[in-house]
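Colleague: Below is structure08.pdb; it holds PDB, C-alpha atoms and all ligand atoms.
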```pdb
ATOM      1  CA  MET W  25       0.000   0.000   0.000  1.00  0.00           C
ATOM      2  CA  ALA W  26       1.125   3.565  -0.676  1.00  0.00           C
ATOM      3  CA  LYS W  27       2.423   5.297   2.432  1.00  0.00           C
ATOM      4  CA  VAL W  28       2.530   8.942   3.501  1.00  0.00           C
ATOM      5  CA  ALA W  29       5.463  10.856   4.974  1.00  0.00           C
ATOM      6  CA  ILE W  30       4.893  13.348   7.787  1.00  0.00           C
ATOM      7  CA  VAL W  31       7.911  15.554   8.370  1.00  0.00           C
ATOM      8  CA  MET W  32       8.319  18.523  10.705  1.00  0.00           C
ATOM      9  CA  GLY W  33      10.985  21.014  11.602  1.00  0.00           C
ATOM     10  CA  SER W  34      11.174  20.163  15.292  1.00  0.00           C
ATOM     11  CA  THR W  35       9.851  17.751  17.902  1.00  0.00           C
ATOM     12  CA  SER W  36       7.986  20.808  19.239  1.00  0.00           C
ATOM     13  CA  ASP W  37       5.774  20.576  16.113  1.00  0.00           C
ATOM     14  CA  TRP W  38       4.629  17.042  16.951  1.00  0.00           C
ATOM     15  CA  PRO W  39       1.586  17.974  19.109  1.00  0.00           C
ATOM     16  CA  THR W  40       0.220  19.787  16.040  1.00  0.00           C
ATOM     17  CA  MET W  41       1.398  17.310  13.419  1.00  0.00           C
ATOM     18  CA  GLN W  42       0.021  14.371  15.389  1.00  0.00           C
ATOM     19  CA  GLN W  43      -3.388  15.482  14.130  1.00  0.00           C
ATOM     20  CA  ALA W  44      -2.324  14.486  10.619  1.00  0.00           C
ATOM     21  CA  ALA W  45      -1.057  11.159  11.916  1.00  0.00           C
ATOM     22  CA  LYS W  46      -4.321  10.482  13.763  1.00  0.00           C
ATOM     23  CA  MET W  47      -6.336  11.155  10.621  1.00  0.00           C
ATOM     24  CA  LEU W  48      -4.192   8.812   8.527  1.00  0.00           C
ATOM     25  CA  LYS W  49      -4.437   6.119  11.199  1.00  0.00           C
ATOM     26  CA  ALA W  50      -8.236   6.469  11.277  1.00  0.00           C
ATOM     27  CA  PHE W  51      -8.363   5.731   7.541  1.00  0.00           C
ATOM     28  CA  GLY W  52      -5.905   2.842   7.754  1.00  0.00           C
ATOM     29  CA  VAL W  53      -3.197   4.678   5.797  1.00  0.00           C
ATOM     30  CA  GLU W  54       0.391   3.716   6.535  1.00  0.00           C
ATOM     31  CA  PHE W  55       2.645   6.640   7.467  1.00  0.00           C
ATOM     32  CA  GLU W  56       6.091   7.483   8.801  1.00  0.00           C
ATOM     33  CA  ALA W  57       6.757  10.591  10.919  1.00  0.00           C
ATOM     34  CA  ARG W  58      10.212  12.197  11.072  1.00  0.00           C
ATOM     35  CA  VAL W  59      11.917  15.411  12.168  1.00  0.00           C
ATOM     36  CA  VAL W  60      13.675  17.060   9.221  1.00  0.00           C
ATOM     37  CA  SER W  61      14.699  20.692   9.651  1.00  0.00           C
ATOM     38  CA  ALA W  62      15.293  23.048   6.726  1.00  0.00           C
ATOM     39  CA  HIS W  63      17.702  25.129   8.811  1.00  0.00           C
ATOM     40  CA  ARG W  64      19.220  22.719  11.328  1.00  0.00           C
ATOM     41  CA  THR W  65      19.565  19.618   9.119  1.00  0.00           C
ATOM     42  CA  PRO W  66      19.631  20.971   5.545  1.00  0.00           C
ATOM     43  CA  ASN W  67      21.545  17.988   4.114  1.00  0.00           C
ATOM     44  CA  LEU W  68      19.048  15.550   5.630  1.00  0.00           C
ATOM     45  CA  LEU W  69      16.238  17.554   4.010  1.00  0.00           C
ATOM     46  CA  VAL W  70      17.743  17.112   0.539  1.00  0.00           C
ATOM     47  CA  GLU W  71      18.479  13.428   1.167  1.00  0.00           C
ATOM     48  CA  PHE W  72      14.933  12.792   2.410  1.00  0.00           C
ATOM     49  CA  ALA W  73      13.170  14.715  -0.372  1.00  0.00           C
ATOM     50  CA  GLU W  74      15.266  13.219  -3.170  1.00  0.00           C
ATOM     51  CA  SER W  75      14.648   9.644  -1.983  1.00  0.00           C
ATOM     52  CA  ALA W  76      10.994   9.992  -0.876  1.00  0.00           C
ATOM     53  CA  ALA W  77       9.486   8.740  -4.150  1.00  0.00           C
ATOM     54  CA  ASP W  78      11.845   5.731  -4.273  1.00  0.00           C
ATOM     55  CA  GLU W  79      10.991   4.987  -0.631  1.00  0.00           C
ATOM     56  CA  GLY W  80       7.371   4.481  -1.719  1.00  0.00           C
ATOM     57  CA  PHE W  81       5.770   7.613  -0.343  1.00  0.00           C
ATOM     58  CA  SER W  82       2.799   8.846  -2.388  1.00  0.00           C
ATOM     59  CA  CYS W  83       2.795  12.338  -0.892  1.00  0.00           C
ATOM     60  CA  ILE W  84       4.464  14.362   1.844  1.00  0.00           C
ATOM     61  CA  ILE W  85       2.949  16.360   4.710  1.00  0.00           C
ATOM     62  CA  ALA W  86       5.431  18.956   5.943  1.00  0.00           C
ATOM     63  CA  GLY W  87       4.830  21.095   9.029  1.00  0.00           C
ATOM     64  CA  ALA W  88       6.951  23.934  10.343  1.00  0.00           C
ATOM     65  CA  GLY W  89       6.679  27.158  12.302  1.00  0.00           C
ATOM     66  CA  GLY W  90       8.205  30.629  12.081  1.00  0.00           C
ATOM     67  CA  ALA W  91      10.457  31.015   9.037  1.00  0.00           C
ATOM     68  CA  ALA W  92       8.879  27.851   7.707  1.00  0.00           C
ATOM     69  CA  HIS W  93      10.962  26.900   4.664  1.00  0.00           C
ATOM     70  CA  LEU W  94      10.581  23.143   5.074  1.00  0.00           C
ATOM     71  CA  PRO W  95       7.581  22.451   2.781  1.00  0.00           C
ATOM     72  CA  GLY W  96       8.881  24.628  -0.054  1.00  0.00           C
ATOM     73  CA  MET W  97      12.403  23.240   0.090  1.00  0.00           C
ATOM     74  CA  ILE W  98      11.086  19.672   0.117  1.00  0.00           C
ATOM     75  CA  ALA W  99       8.864  20.474  -2.870  1.00  0.00           C
ATOM     76  CA  ALA W 100      11.936  21.814  -4.677  1.00  0.00           C
ATOM     77  CA  HIS W 101      13.585  18.388  -4.412  1.00  0.00           C
ATOM     78  CA  THR W 102      10.729  16.025  -5.313  1.00  0.00           C
ATOM     79  CA  HIS W 103       7.906  15.601  -7.822  1.00  0.00           C
ATOM     80  CA  LEU W 104       5.609  14.207  -5.082  1.00  0.00           C
ATOM     81  CA  PRO W 105       2.672  16.352  -3.892  1.00  0.00           C
ATOM     82  CA  VAL W 106       3.622  18.344  -0.770  1.00  0.00           C
ATOM     83  CA  PHE W 107       1.052  19.569   1.747  1.00  0.00           C
ATOM     84  CA  GLY W 108       2.368  22.376   3.941  1.00  0.00           C
ATOM     85  CA  CYS W 109       1.148  22.866   7.520  1.00  0.00           C
ATOM     86  CA  PRO W 110       1.826  26.211   9.210  1.00  0.00           C
ATOM     87  CA  VAL W 111       2.516  25.487  12.880  1.00  0.00           C
ATOM     88  CA  LYS W 112       1.527  28.178  15.412  1.00  0.00           C
ATOM     89  CA  SER W 113       4.609  30.171  16.397  1.00  0.00           C
ATOM     90  CA  LYS W 114       5.111  31.809  19.794  1.00  0.00           C
ATOM     91  CA  ALA W 115       5.925  35.289  18.445  1.00  0.00           C
ATOM     92  CA  LEU W 116       3.348  35.706  15.672  1.00  0.00           C
ATOM     93  CA  ASN W 117       0.820  32.945  16.326  1.00  0.00           C
ATOM     94  CA  GLY W 118       1.535  31.179  13.032  1.00  0.00           C
ATOM     95  CA  LEU W 119       0.904  34.048  10.624  1.00  0.00           C
ATOM     96  CA  ASP W 120       4.646  34.006   9.859  1.00  0.00           C
ATOM     97  CA  SER W 121       4.481  30.235   9.254  1.00  0.00           C
ATOM     98  CA  LEU W 122       1.458  30.621   6.960  1.00  0.00           C
ATOM     99  CA  LEU W 123       2.976  33.358   4.822  1.00  0.00           C
ATOM    100  CA  SER W 124       6.321  31.522   4.607  1.00  0.00           C
ATOM    101  CA  ILE W 125       4.601  28.403   3.295  1.00  0.00           C
ATOM    102  CA  VAL W 126       1.813  29.784   1.124  1.00  0.00           C
ATOM    103  CA  GLN W 127       3.722  32.312  -0.988  1.00  0.00           C
ATOM    104  CA  MET W 128       5.515  29.860  -3.282  1.00  0.00           C
ATOM    105  CA  PRO W 129       6.846  31.210  -6.573  1.00  0.00           C
ATOM    106  CA  LYS W 130       5.226  29.932  -9.770  1.00  0.00           C
ATOM    107  CA  GLY W 131       6.563  26.557 -10.838  1.00  0.00           C
ATOM    108  CA  VAL W 132       7.057  24.831  -7.467  1.00  0.00           C
ATOM    109  CA  ALA W 133       3.794  23.906  -5.745  1.00  0.00           C
ATOM    110  CA  VAL W 134       2.952  23.473  -2.063  1.00  0.00           C
ATOM    111  CA  GLY W 135      -0.672  22.918  -1.104  1.00  0.00           C
ATOM    112  CA  THR W 136      -1.016  25.029   2.026  1.00  0.00           C
ATOM    113  CA  LEU W 137      -3.371  24.149   4.870  1.00  0.00           C
ATOM    114  CA  ALA W 138      -4.759  26.251   7.730  1.00  0.00           C
ATOM    115  CA  ILE W 139      -2.634  27.285  10.727  1.00  0.00           C
ATOM    116  CA  GLY W 140      -2.460  24.801  13.575  1.00  0.00           C
ATOM    117  CA  GLU W 141      -4.253  21.588  14.407  1.00  0.00           C
ATOM    118  CA  ALA W 142      -7.191  21.938  11.980  1.00  0.00           C
ATOM    119  CA  GLY W 143      -4.756  22.376   9.096  1.00  0.00           C
ATOM    120  CA  ALA W 144      -2.666  19.405  10.190  1.00  0.00           C
ATOM    121  CA  ALA W 145      -5.774  17.220  10.466  1.00  0.00           C
ATOM    122  CA  ASN W 146      -6.915  18.337   7.016  1.00  0.00           C
ATOM    123  CA  ALA W 147      -3.449  17.584   5.625  1.00  0.00           C
ATOM    124  CA  GLY W 148      -3.948  14.034   6.869  1.00  0.00           C
ATOM    125  CA  LEU W 149      -7.370  13.958   5.238  1.00  0.00           C
ATOM    126  CA  LEU W 150      -6.007  15.274   1.920  1.00  0.00           C
ATOM    127  CA  ALA W 151      -3.133  12.790   1.951  1.00  0.00           C
ATOM    128  CA  ALA W 152      -5.615   9.971   2.602  1.00  0.00           C
ATOM    129  CA  GLN W 153      -7.669  11.233  -0.359  1.00  0.00           C
ATOM    130  CA  VAL W 154      -4.548  10.968  -2.530  1.00  0.00           C
ATOM    131  CA  VAL W 155      -4.030   7.372  -1.373  1.00  0.00           C
ATOM    132  CA  ALA W 156      -7.768   6.695  -1.933  1.00  0.00           C
ATOM    133  CA  LEU W 157      -7.354   7.357  -5.662  1.00  0.00           C
ATOM    134  CA  GLN W 158      -5.813   3.894  -5.855  1.00  0.00           C
ATOM    135  CA  ASP W 159      -7.119   2.200  -2.719  1.00  0.00           C
ATOM    136  CA  ASN W 160     -10.816   1.335  -2.391  1.00  0.00           C
ATOM    137  CA  ALA W 161     -10.685   0.514   1.321  1.00  0.00           C
ATOM    138  CA  VAL W 162      -9.317   3.988   2.103  1.00  0.00           C
ATOM    139  CA  LYS W 163     -11.864   5.549  -0.270  1.00  0.00           C
ATOM    140  CA  ASP W 164     -14.750   3.775   1.522  1.00  0.00           C
ATOM    141  CA  ALA W 165     -13.384   4.856   4.929  1.00  0.00           C
ATOM    142  CA  ILE W 166     -13.262   8.498   3.814  1.00  0.00           C
ATOM    143  CA  ILE W 167     -16.801   8.396   2.392  1.00  0.00           C
ATOM    144  CA  ALA W 168     -18.075   6.835   5.646  1.00  0.00           C
ATOM    145  CA  PHE W 169     -16.248   9.493   7.718  1.00  0.00           C
ATOM    146  CA  ARG W 170     -17.798  12.294   5.687  1.00  0.00           C
ATOM    147  CA  GLN W 171     -21.292  10.767   5.905  1.00  0.00           C
ATOM    148  CA  ASN W 172     -20.967  10.309   9.656  1.00  0.00           C
ATOM    149  CA  GLN W 173     -19.858  13.941  10.011  1.00  0.00           C
ATOM    150  CA  THR W 174     -22.871  15.123   8.010  1.00  0.00           C
ATOM    151  CA  ASP W 175     -25.281  12.918   9.983  1.00  0.00           C
ATOM    152  CA  THR W 176     -23.920  14.229  13.290  1.00  0.00           C
ATOM    153  CA  VAL W 177     -24.492  17.840  12.233  1.00  0.00           C
ATOM    154  CA  LEU W 178     -28.008  17.140  10.969  1.00  0.00           C
ATOM    155  CA  GLN W 179     -28.964  15.245  14.137  1.00  0.00           C
ATOM    156  CA  ASN W 180     -27.920  18.225  16.259  1.00  0.00           C
ATOM    157  CA  ALA W 181     -29.338  20.961  14.024  1.00  0.00           C
ATOM    158  CA  ASP W 182     -32.236  22.031  16.283  1.00  0.00           C
ATOM    159  CA  LEU W 183     -31.067  24.278  19.096  1.00  0.00           C
ATOM    160  CA  GLU W 184     -32.979  24.911  22.315  1.00  0.00           C
ATOM    161  CA  LEU W 185     -32.539  27.236  25.276  1.00  0.00           C
ATOM    162  CA  ASP W 186     -30.938  25.643  28.383  1.00  0.00           C
TER     163      ASP W 186
HETATM  164  C1  LIG W 201      10.847  25.571  13.197  1.00  0.00           C
HETATM  165  O1  LIG W 201      11.117  26.333  14.312  1.00  0.00           O
HETATM  166  C2  LIG W 201      10.109  24.373  13.696  1.00  0.00           C
HETATM  167  O2  LIG W 201       9.281  23.885  12.706  1.00  0.00           O
HETATM  168  C3  LIG W 201       9.359  24.873  14.906  1.00  0.00           C
HETATM  169  O3  LIG W 201       8.003  25.167  14.611  1.00  0.00           O
HETATM  170  C4  LIG W 201      10.086  26.164  15.251  1.00  0.00           C
HETATM  171  C5  LIG W 201      10.647  26.157  16.645  1.00  0.00           C
HETATM  172  O4  LIG W 201      11.468  25.022  16.821  1.00  0.00           O
HETATM  173  P1  LIG W 201      12.060  24.675  18.248  1.00  0.00           P
HETATM  174  O5  LIG W 201      12.927  25.838  18.658  1.00  0.00           O
HETATM  175  O6  LIG W 201      10.887  24.481  19.179  1.00  0.00           O
HETATM  176  O7  LIG W 201      12.846  23.400  18.071  1.00  0.00           O
HETATM  177  O8  LIG W 201      11.997  25.205  12.515  1.00  0.00           O
END
```
Can you turn what I pasted into C-alpha cells?

Modeller:
Amino acid sequence: MAKVAIVMGSTSDWPTMQQAAKMLKAFGVEFEARVVSAHRTPNLLVEFAESAADEGFSCIIAGAGGAAHLPGMIAAHTHLPVFGCPVKSKALNGLDSLLSIVQMPKGVAVGTLAIGEAGAANAGLLAAQVVALQDNAVKDAIIAFRQNQTDTVLQNADLELD
C-alpha cells in the first residue's frame, strides 16, 4: 500500500502534526513521521526529499513554524505532492508560518493548509484522499467518515434554550 510521509521542523511541532497522523491512522493509511529541519539539518532535508518517491511515499505532509521553509524546500527536491502545515509560532501565532509556506513562486507547488491543528488534520485527510485514488478501502473509509460527520451535524441541528 502507498504510504505517507509526515515531516516537521522540530519535535515541538509534533503535538500539532500528530493530528495528521491520527487522521491517517483512522483511515488505515500507513505513514512514517520524522523530524527534518530546513535550517538545522539541511543535508538531511535534501536526502529525504530526493529519496521519498523511491521509498514508496505517495505524498508528503510537511509542518513547520516561524520562518517555515521546510515544505517549499522539500517540494523543490521532489515531484511528489507536498502539503504544507503552518505550525503556530510563539511570536506571531503562526501568521509568519502561513505566509512563509503559502507564498511559493510559480513553478514549485505546495498545497497550504490552515494554521495549527485543523490544518494538520486536514493535511492528513487530503493525503488519505490521494491514497484513496488507488485504494478502495481507504476511499470507503473516507466516504463513511464524511457521511458520519454530516449525519452528526443534521442530528444536532435544532437548538434549544438551556
Ligand atoms: C521551526 O522552528 C520548527 O518547525 C518549529 O516550529 C520552530 C521552533 O522550533 P524549536 O525551537 O521548538 O525546536 O523550525

Colleague: Using the chain letters and numbers from the file, which residues does the PyMOL selection byres (((not hetatm)) within 9 of (chain W and resi 201)) grab, as a ChimeraX atom specification?

Modeller: /W:32-37,59-64,87-94,110-114,118,121

Colleague: May I ask for the distance between CA of Gln127 in chain W and CA of Pro105 in chain W, given in Å to one decimal place?

Modeller: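 We find that CA of Gln127 in chain W and CA of Pro105 in chain W lie 16.3 Å from each other.
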
Colleague: Just how far from CA of Met47 in chain W is CA of Ala165 in chain W, in Å to one decimal?

Modeller: 11.0 Å

Colleague: Compile the contact shell of Ala161 in chain W as a list in words: residues with an atom at most 10 Å away, counting all atoms listed in the file, same-chain residues fewer than 5 positions apart removed.

Modeller: Phe51, Gly52, Val53, Val155, Ala156 and Ile166 of chain W

Colleague: Would you write out those residues with C-alpha atoms, as a short mmCIF file (atom, residue, chain, number, x, y, z; two decimals), in the coordinates of the input?

Modeller:
```
data_model
loop_
_atom_site.label_atom_id
_atom_site.label_comp_id
_atom_site.auth_asym_id
_atom_site.auth_seq_id
_atom_site.Cartn_x
_atom_site.Cartn_y
_atom_site.Cartn_z
CA PHE W 51 -8.36 5.73 7.54
CA GLY W 52 -5.90 2.84 7.75
CA VAL W 53 -3.20 4.68 5.80
CA VAL W 155 -4.03 7.37 -1.37
CA ALA W 156 -7.77 6.70 -1.93
CA ILE W 166 -13.26 8.50 3.81
#
```

Colleague: What gap, in Å, lies between CA of Asn67 in chain W and CA of Val132 in chain W?

Modeller: 19.8 Å
